[in-house]
Structures are given as C-alpha cells and as structure tokens.
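Structure data follow from model_27.txt (compact mmCIF, C-alpha atoms):
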```
# COMPACT_ATOMS: atom_id res chain seq x y z
CA MET A 6 15.17 16.22 -18.97
CA PRO A 7 11.99 18.17 -18.11
CA HIS A 8 11.82 19.65 -14.66
CA VAL A 9 8.87 18.57 -12.52
CA PRO A 10 7.23 21.60 -10.84
CA GLY A 11 7.50 21.55 -7.07
CA HIS A 12 10.62 19.37 -7.07
CA LYS A 13 13.86 20.97 -6.00
CA ASP A 14 16.88 20.57 -8.28
CA VAL A 15 19.80 18.98 -6.45
CA LYS A 16 23.18 19.61 -8.07
CA TYR A 17 26.18 17.69 -6.80
CA LEU A 18 28.75 19.15 -9.23
CA ASN A 19 26.82 22.28 -10.22
CA LYS A 20 28.24 22.05 -13.75
CA ASP A 21 26.53 22.39 -17.12
CA PHE A 22 27.51 22.71 -20.80
CA SER A 23 28.36 26.43 -20.58
CA SER A 24 30.51 26.09 -17.47
CA PHE A 25 32.45 23.14 -18.97
CA ARG A 26 32.92 25.06 -22.23
CA ASP A 27 34.15 28.20 -20.46
CA GLY A 28 36.45 26.13 -18.28
CA LEU A 29 38.03 24.36 -21.26
CA ILE A 30 38.56 27.68 -23.05
CA GLU A 31 40.27 29.16 -20.00
CA PHE A 32 42.35 26.00 -19.65
CA ALA A 33 43.51 26.29 -23.27
CA LYS A 34 44.31 30.00 -22.87
CA THR A 35 46.34 29.32 -19.73
CA TYR A 36 48.33 26.23 -20.69
CA PHE A 37 48.40 26.36 -24.51
CA PRO A 38 48.48 30.08 -25.37
CA ASN A 39 50.74 29.60 -28.40
CA THR A 40 49.25 26.33 -29.65
CA TYR A 41 45.61 27.29 -29.94
CA ASN A 42 44.21 30.79 -29.51
CA ASP A 43 41.34 31.07 -32.03
CA PHE A 44 38.13 30.57 -30.08
CA ASN A 45 35.77 31.72 -32.81
CA GLU A 46 32.56 29.68 -33.10
CA SER A 47 33.38 28.71 -36.69
CA ASP A 48 36.86 27.37 -35.86
CA PRO A 49 37.15 23.54 -36.02
CA GLY A 50 39.01 23.56 -32.71
CA MET A 51 35.86 24.81 -30.96
CA MET A 52 34.05 21.69 -32.19
CA PHE A 53 36.30 19.50 -30.03
CA ILE A 54 35.93 21.83 -27.03
CA GLU A 55 32.12 21.76 -27.35
CA MET A 56 32.05 17.99 -27.84
CA ALA A 57 34.08 17.56 -24.65
CA SER A 58 31.72 20.01 -22.91
CA TYR A 59 28.73 17.95 -24.07
CA VAL A 60 30.25 14.77 -22.62
CA GLY A 61 30.97 16.55 -19.34
CA ASP A 62 27.43 17.98 -19.22
CA THR A 63 25.90 14.53 -19.78
CA LEU A 64 28.05 12.86 -17.12
CA SER A 65 27.34 15.72 -14.72
CA TYR A 66 23.59 15.32 -15.24
CA TYR A 67 23.64 11.61 -14.44
CA MET A 68 25.83 12.18 -11.40
CA ASP A 69 23.41 14.85 -10.13
CA GLU A 70 20.47 12.50 -10.71
CA GLN A 71 22.16 9.63 -8.88
CA PHE A 72 22.99 11.88 -5.95
CA LYS A 73 19.42 13.21 -5.81
CA GLU A 74 17.89 9.73 -6.00
CA SER A 75 20.04 8.61 -3.07
CA MET A 76 18.16 10.98 -0.72
CA LEU A 77 14.60 10.09 0.29
CA SER A 78 13.56 13.75 0.51
CA PHE A 79 14.37 14.43 -3.16
CA ALA A 80 14.03 11.03 -4.85
CA GLU A 81 11.45 10.89 -7.65
CA GLU A 82 11.78 7.36 -9.02
CA LYS A 83 9.17 5.03 -7.50
CA LYS A 84 11.57 2.09 -7.31
CA THR A 85 14.23 4.20 -5.57
CA ILE A 86 11.75 5.49 -2.97
CA TYR A 87 10.65 1.93 -2.18
CA GLU A 88 14.23 0.71 -1.80
CA ILE A 89 15.25 3.59 0.47
CA ALA A 90 12.11 3.15 2.59
CA GLN A 91 12.78 -0.58 2.94
CA GLY A 92 16.33 0.23 3.99
CA TYR A 93 14.89 2.30 6.85
CA GLY A 94 12.73 -0.64 7.95
CA TYR A 95 9.45 0.48 6.40
CA LYS A 96 7.24 -1.96 4.51
CA PRO A 97 5.68 0.04 1.69
CA ARG A 98 2.91 -1.60 -0.27
CA GLN A 99 3.86 -2.53 -3.80
CA ALA A 100 0.23 -2.17 -4.88
CA SER A 101 -2.84 -0.47 -3.41
CA PRO A 102 -6.35 -1.86 -3.93
CA ALA A 103 -9.53 0.13 -4.36
CA THR A 104 -11.41 0.54 -1.07
CA VAL A 105 -15.07 1.06 -0.26
CA THR A 106 -17.37 1.26 2.75
CA LEU A 107 -20.26 -1.19 2.43
CA ASP A 108 -23.70 -0.89 4.00
CA VAL A 109 -24.87 -4.34 5.13
CA PHE A 110 -28.50 -4.89 6.16
CA GLN A 111 -30.35 -7.62 8.04
CA THR A 112 -33.99 -8.02 9.06
CA VAL A 113 -34.64 -9.52 12.49
CA PRO A 114 -37.90 -10.19 14.30
CA ALA A 115 -38.98 -7.98 17.15
CA ASN A 116 -38.73 -9.26 20.70
CA PRO A 117 -42.19 -9.08 22.32
CA VAL A 118 -40.59 -9.21 25.77
CA ALA A 119 -38.03 -6.42 25.31
CA VAL A 120 -40.10 -3.23 25.12
CA VAL A 121 -38.68 0.30 25.33
CA ASN A 122 -40.93 3.36 25.03
CA GLU A 123 -43.79 1.06 24.05
CA GLN A 124 -41.77 -0.33 21.14
CA ARG A 125 -40.65 -3.90 20.77
CA GLN A 126 -36.87 -4.01 20.38
CA PRO A 127 -34.90 -6.16 17.93
CA ASN A 128 -34.43 -9.76 18.99
CA GLU A 129 -30.63 -9.99 19.03
CA ASP A 130 -30.73 -13.78 19.18
CA TYR A 131 -31.25 -13.62 15.41
CA CYS A 132 -28.37 -11.20 14.75
CA LEU A 133 -25.83 -12.57 12.31
CA THR A 134 -22.06 -12.43 12.47
CA ILE A 135 -20.50 -12.34 9.00
CA PRO A 136 -16.76 -13.13 9.16
CA ALA A 137 -14.21 -11.05 7.31
CA GLY A 138 -13.67 -12.20 3.74
CA MET A 139 -17.25 -11.83 2.52
CA GLN A 140 -17.14 -11.20 -1.23
CA VAL A 141 -19.36 -8.75 -3.08
CA THR A 142 -19.36 -7.76 -6.74
CA SER A 143 -19.82 -4.25 -8.11
CA THR A 144 -21.94 -3.43 -11.16
CA ASN A 145 -18.86 -3.55 -13.41
CA GLY A 146 -17.78 -6.98 -12.13
CA THR A 147 -15.06 -5.89 -9.67
CA ILE A 148 -14.84 -8.22 -6.67
CA PHE A 149 -14.48 -6.69 -3.21
CA ARG A 150 -13.65 -8.53 0.01
CA THR A 151 -14.52 -7.31 3.50
CA THR A 152 -11.62 -6.75 5.88
CA GLY A 153 -13.52 -6.98 9.16
CA ASP A 154 -16.34 -8.95 10.78
CA VAL A 155 -19.92 -7.70 10.47
CA ILE A 156 -21.43 -8.21 13.94
CA PHE A 157 -25.08 -7.14 13.97
CA ARG A 158 -25.35 -7.80 17.70
CA ASP A 159 -22.75 -5.11 18.39
CA SER A 160 -24.23 -1.64 18.89
CA SER A 161 -21.94 0.99 20.40
CA SER A 162 -20.41 4.39 19.73
CA LEU A 163 -17.42 2.68 18.11
CA SER A 164 -19.60 0.39 16.02
CA PRO A 165 -23.03 2.02 15.58
CA ARG A 166 -26.03 0.05 14.38
CA PRO A 167 -28.80 2.21 12.90
CA GLN A 168 -32.17 0.46 12.92
CA ASP A 169 -35.52 1.18 11.27
CA ILE A 170 -38.95 -0.36 11.55
CA PHE A 171 -39.33 -2.85 8.71
CA GLU A 172 -42.74 -4.41 9.38
CA VAL A 173 -45.73 -3.94 11.69
CA ASP A 174 -48.84 -6.03 12.30
CA ASP A 175 -52.48 -4.96 12.09
CA ASN A 176 -52.25 -3.47 15.59
CA GLN A 177 -49.21 -1.38 14.59
CA ASN A 178 -46.95 -3.50 16.75
CA ILE A 179 -43.45 -3.86 15.38
CA THR A 180 -42.82 -7.35 14.03
CA LYS A 181 -39.51 -6.84 12.19
CA TRP A 182 -36.56 -4.46 12.37
CA LEU A 183 -34.09 -3.52 9.64
CA LEU A 184 -30.54 -3.35 11.03
CA LYS A 185 -27.63 -1.67 9.28
CA LYS A 186 -23.88 -2.11 9.75
CA GLN A 187 -20.92 -0.68 7.86
CA VAL A 188 -17.71 -2.50 6.98
CA LYS A 189 -14.60 -1.72 4.95
CA ALA A 190 -13.88 -3.73 1.81
CA VAL A 191 -10.98 -3.87 -0.64
CA SER A 192 -10.88 -5.01 -4.25
CA GLY A 193 -9.22 -8.33 -4.91
CA THR A 194 -9.69 -12.06 -4.71
CA VAL A 195 -8.18 -14.70 -2.42
CA THR A 196 -6.10 -17.35 -4.19
CA THR A 197 -4.07 -20.32 -2.96
CA ASP A 198 -0.56 -20.99 -4.24
CA TYR A 199 1.18 -24.33 -3.60
CA LYS A 200 4.98 -24.55 -3.48
CA VAL A 201 7.23 -27.61 -3.12
CA PHE A 202 10.43 -27.22 -1.11
CA GLY A 203 13.32 -29.64 -1.29
CA ALA A 204 16.50 -29.55 0.78
CA ALA A 205 16.97 -26.57 3.07
CA GLU A 206 18.46 -23.50 1.42
CA ARG A 207 19.66 -20.28 3.01
CA TYR A 208 17.47 -17.27 2.21
CA LYS A 209 15.22 -19.27 -0.07
CA ARG A 210 13.21 -17.12 -2.48
CA ILE A 211 10.02 -18.08 -4.28
CA ALA A 212 7.88 -16.30 -6.85
CA LEU A 213 4.10 -16.31 -6.47
CA ALA A 214 2.00 -17.07 -9.52
CA ASN A 215 -0.34 -14.09 -9.20
CA SER A 216 0.73 -10.47 -9.40
CA PRO A 217 0.40 -7.95 -7.89
CA VAL A 218 0.07 -9.46 -4.41
CA LEU A 219 -1.70 -7.19 -1.92
CA GLU A 220 -1.07 -9.28 1.21
CA ILE A 221 -0.21 -12.76 2.45
CA ILE A 222 -3.12 -13.99 4.57
CA SER A 223 -1.70 -17.28 5.83
CA VAL A 224 1.10 -19.78 5.25
CA THR A 225 0.57 -23.45 6.14
CA ASP A 226 2.82 -26.47 5.54
CA SER A 227 1.79 -30.03 4.66
CA ASP A 228 1.71 -30.97 8.37
CA GLY A 229 -0.83 -28.26 9.15
CA ASN A 230 1.64 -25.96 10.91
CA SER A 231 1.07 -22.23 10.49
CA TRP A 232 4.00 -19.96 9.70
CA TYR A 233 4.17 -16.25 10.51
CA GLU A 234 6.19 -13.32 9.25
CA VAL A 235 8.48 -11.82 11.91
CA PRO A 236 10.79 -8.78 11.86
CA PHE A 237 13.81 -10.99 12.64
CA LEU A 238 14.36 -14.76 12.79
CA ALA A 239 15.42 -14.73 16.45
CA GLN A 240 11.89 -13.70 17.49
CA ASP A 241 10.29 -16.67 19.25
CA THR A 242 6.84 -15.24 20.07
CA VAL A 243 4.00 -14.40 17.71
CA TYR A 244 0.90 -12.55 18.92
CA ALA A 245 -2.38 -13.64 17.36
CA ASP A 246 -5.95 -12.33 17.67
CA PHE A 247 -8.66 -14.56 19.13
CA ASP A 248 -12.34 -13.94 19.76
CA ASN A 249 -13.43 -13.49 23.35
CA ASN A 250 -15.81 -16.38 24.03
CA THR A 251 -16.72 -18.80 26.80
CA THR A 252 -14.20 -21.35 25.53
CA ASN A 253 -11.08 -19.24 26.11
CA SER A 254 -12.64 -16.86 28.68
CA PRO A 255 -14.84 -18.89 31.08
CA ASP A 256 -15.68 -15.77 33.12
CA LEU A 257 -17.73 -14.30 30.27
```

Using structure tokens, write down the structure from this file.
Amino acid sequence: MPHVPGHKDVKYLNKDFSSFRDGLIEFAKTYFPNTYNDFNESDPGMMFIEMASYVGDTLSYYMDEQFKESMLSFAEEKKTIYEIAQGYGYKPRQASPATVTLDVFQTVPANPVAVVNEQRQPNEDYCLTIPAGMQVTSTNGTIFRTTGDVIFRDSSSLSPRPQDIFEVDDNQNITKWLLKKQVKAVSGTVTTDYKVFGAAERYKRIALANSPVLEIISVTDSDGNSWYEVPFLAQDTVYADFDNNTTNSPDL
C-alpha cells in the first residue's frame, strides 16, 4: 500500500516480511537443527519459509491498518472517521453543499419628511423582508437557496445596509435609493418526501428518496403535528425561534 505523506505509520505488531522470515529461520535453527539446515535462497525449503513469511506480513499489515483506523487521530478512511465521530456524539455532515454570499438589491422611494444633511433618506415603509428559502439560479443552472432572511429595514453594524442614490428629480432632490443587503446561500433544492407508517416499531428506519440529503427542514404528520429531532427521547422541551412582533411581544 502506498504511504500518504504527512500521515504517521502506526504499527501494532511492528512485523514485516523480513522479520517474519528471519524469525522462522532462527526457529528452524533452534528446534530443528538436524532436520533442516540449508537456508540457501535456491533451496526448496526456503520457498515454504518465505510463503509463510508472506502470509504473516499480509496479516500483520491488515492488523496494523485495523488498529490505526480505530483511532480518530490516525484514521484515514472517510467512513471510519464518520463512525468514530458519531460515537463521540458529533454529527458530521455526510455531504457539504457549495456556498455563496449573495448581494440583494432593492430600490425604495425617498422620504421627503426624513432629511439628514439636506438629503432625503430612504422611506423604510417600502423596505422588503425576503424570508429564508429564496431560490436563485447561477449561470450554469445550479440552484442556490438562501439560509437567512433578507431584511432591508435592518441597518446596523451586525447587518450593514449600504445605500446609493438611484434617482434624482430636476431639482437634484433624491427620489429613489438603491439599498443593498448580503445573505448566505447554499446549493440545493427543497423536496418533500411522504412516508406511510403502519403499526409502531422500535427504532423504525426509513430511507429517503433523494440523496445526498443536506438537512431535514421539517417533519409533519397527517394531523399537522410537527416533530423535532432531539439528542435523547426523554427530552420533553424543544426550543424554537420566533420573530419578535407585536403579536407575541405586546410591549414592542
């Protein structure tokens, strides 16, 4: 097997063909001095010694590989690394999508009442909120889906909103602004998979039709109940995100 540069060799037995061969020769000299004592390369007896050494070398190699793959620090097989990580409680992704940062623009009218430094400011009553899940297509046909909301009203150090003059009237008064927001997007499409469950089964497993699956967005039964993934089945509380609005926060 070729050795991958930068990867440390881990030897459990520290045995190879030469060491097995030398060991068998010494064994024969010690315990069978009168039965076999011609260790010349051309002697037929050496063929059996070298064949046994080859078998030992092969078994030693696979034992070393199994021992190395059992340790996360030295494992090289992708499947082994995933299984060890899952054993430690990690949830490694089985597939990683392409990611991109999108520039999203909107034109809004200027507010003739809100004036700063003799400039009419953007009228934020016209600012859009684009929910996460907006789909865009690249020039080569790849579909990307946004992972966060695009809130043009929001302008802060954490979520900046660059703005440029888009249109002025004959008196050079600003009539429209061009607003810009950035949002992360990942490649992939959202699909729905329907499954029929019969009688209750312990540790029921199902296979989804599409592969690879990047994430499970939601699970809903025929009665409209939402189901959530939890670290353990005894967990009785699930924390969900909700927008801050006047409905759930009257003090706003």

- Message: Rounded to one decimal, what separation in Å do you get between CA of Thr112 (chain A) and CA of Gly138 (chain A)?
- Response: 21.4 Å

Mind listing whatever residues come within 8 Å of the point (2.4, -22.0, -8.6)? Use all atoms listed in the file, file coordinates, and give them as an mmCIF file with C-alpha atoms, in the coordinates of the input.
```
data_model
loop_
_atom_site.group_PDB
_atom_site.id
_atom_site.type_symbol
_atom_site.label_atom_id
_atom_site.label_comp_id
_atom_site.auth_asym_id
_atom_site.auth_seq_id
_atom_site.Cartn_x
_atom_site.Cartn_y
_atom_site.Cartn_z
ATOM 1 C CA ASP A 198 -0.560 -20.990 -4.240
ATOM 2 C CA TYR A 199 1.180 -24.330 -3.600
ATOM 3 C CA LYS A 200 4.980 -24.550 -3.480
ATOM 4 C CA LEU A 213 4.100 -16.310 -6.470
ATOM 5 C CA ALA A 214 2.000 -17.070 -9.520
#
```

Which residues of region 175-255 of chain A come within 12 Å of region 122-127 of chain A, and what is each one's closest atom pair and distance in Å (one decimal), counting all atoms listed in the file, sorted by chain and residue number, as a Markdown table?
```
| residue | atom | partner | partner_atom | distance |
| --- | --- | --- | --- | --- |
| A:Gln177 | CA | A:Gln124 | CA | 10.0 |
| A:Asn178 | CA | A:Arg125 | CA | 7.5 |
| A:Ile179 | CA | A:Arg125 | CA | 6.1 |
| A:Thr180 | CA | A:Arg125 | CA | 7.9 |
| A:Lys181 | CA | A:Pro127 | CA | 7.4 |
| A:Trp182 | CA | A:Pro127 | CA | 6.0 |
| A:Leu183 | CA | A:Pro127 | CA | 8.7 |
| A:Leu184 | CA | A:Pro127 | CA | 8.6 |
```

Surrounding residues of Lys34 (chain A) excluding itself and chain neighbours under 6 positions, 10 Å, only C-alpha atoms, as a PDB file with C-alpha atoms, in the coordinates of the input:
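Writing the result to result_35.pdb gives the following:
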```
ATOM      1  CA  GLY A  28      36.450  26.130 -18.280  1.00  0.00           C
ATOM      2  CA  THR A  40      49.250  26.330 -29.650  1.00  0.00           C
ATOM      3  CA  TYR A  41      45.610  27.290 -29.940  1.00  0.00           C
ATOM      4  CA  ASN A  42      44.210  30.790 -29.510  1.00  0.00           C
ATOM      5  CA  ASP A  43      41.340  31.070 -32.030  1.00  0.00           C
ATOM      6  CA  PHE A  44      38.130  30.570 -30.080  1.00  0.00           C
TER       7      PHE A  44
END
```

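Take the candidates A:Arg166, A:Gly203, A:Met52, A:Gly193 and check each one against Ile148 (chain A) using all atoms listed in the file; the shortest distance goes to A:Gly193.
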
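You can rank A:Ile222, A:Ser58, A:Leu107, A:Arg158 by their closest distance to Asp27 (chain A) using only C-alpha atoms, and at the top of that list sits A:Ser58.
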
- Item | Nearest candidate to Tyr59 (chain A) (options A:Leu77, A:Gly94, A:Ser23, A:Ser160; using all atoms listed in the file) |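 Checking each of A:Leu77, A:Gly94, A:Ser23, A:Ser160 against Tyr59 (chain A), counting all atoms listed in the file, the winner is A:Ser23.
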
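Selecting by distance to (-26.4, -4.5, 20.2) with a limit of 12 Å and using only C-alpha atoms, one obtains Gln126, Pro127, Asn128, Glu129, Asp130, Tyr131, Cys132, Leu133, Thr134, Ile156, Phe157, Arg158, Asp159, Ser160, Ser161, Ser162, Leu163, Ser164, Pro165, Arg166, Pro167, Gln168, Leu184, Lys185 and Lys186 of chain A.
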
- Task: Work out how far CA of Ser24 (chain A) is from CA of Glu81 (chain A), in Å to one decimal.
- Result: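 Taking CA of Glu81 (chain A) as the start and CA of Ser24 (chain A) as the end point, the length is 26.3 Å.
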
- Item | Counting all atoms listed in the file, the residue of A:Val224, A:Thr194, A:Arg98, A:Lys16 that sits nearest Phe79 (chain A) |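 Closest residue, counting all atoms listed in the file: A:Lys16.
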
- Item | Selected residue of minimal separation from Ser101 (chain A) among A:Ser143, A:Val191, A:Asp175, A:Met56, counting only C-alpha atoms |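 Nearest candidate to Ser101 (chain A) out of A:Ser143, A:Val191, A:Asp175, A:Met56: A:Val191.
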
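When only C-alpha atoms are used to compute distances to Glu74 (chain A), the closest of the residues A:Ala33, A:Ile89, A:Thr197, A:Asp62 turns out to be A:Ile89.
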
- Item | Within 10 Å of region 225-232 of chain A using only C-alpha atoms, minus same-chain residues under 2 positions, as a list of chain:residue names |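 Using only C-alpha atoms, the neighbours found are A:Tyr199, A:Lys200, A:Val201, A:Ser223, A:Glu234, A:Val235, A:Val243.
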
- Task: Record the distance separating CA of Pro236 (chain A) and CA of Glu220 (chain A), expressed in Å with one decimal.
- Result: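 Pair CA of Pro236 (chain A) / CA of Glu220 (chain A) returns 15.9 Å.
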
- Message: Need to verify the contact set: Val105 (chain A), 10 Å, all atoms listed in the file, exclusion of same-chain residues closer than 3 positions in sequence. Can you return it as a list of chain:residue names?
- Response: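 Skipping anything fewer than 3 positions along the chain leaves A:Pro102, A:Asp108, A:Phe149, A:Arg150, A:Thr151, A:Val188, A:Lys189, A:Ala190, A:Val191, A:Ser192.
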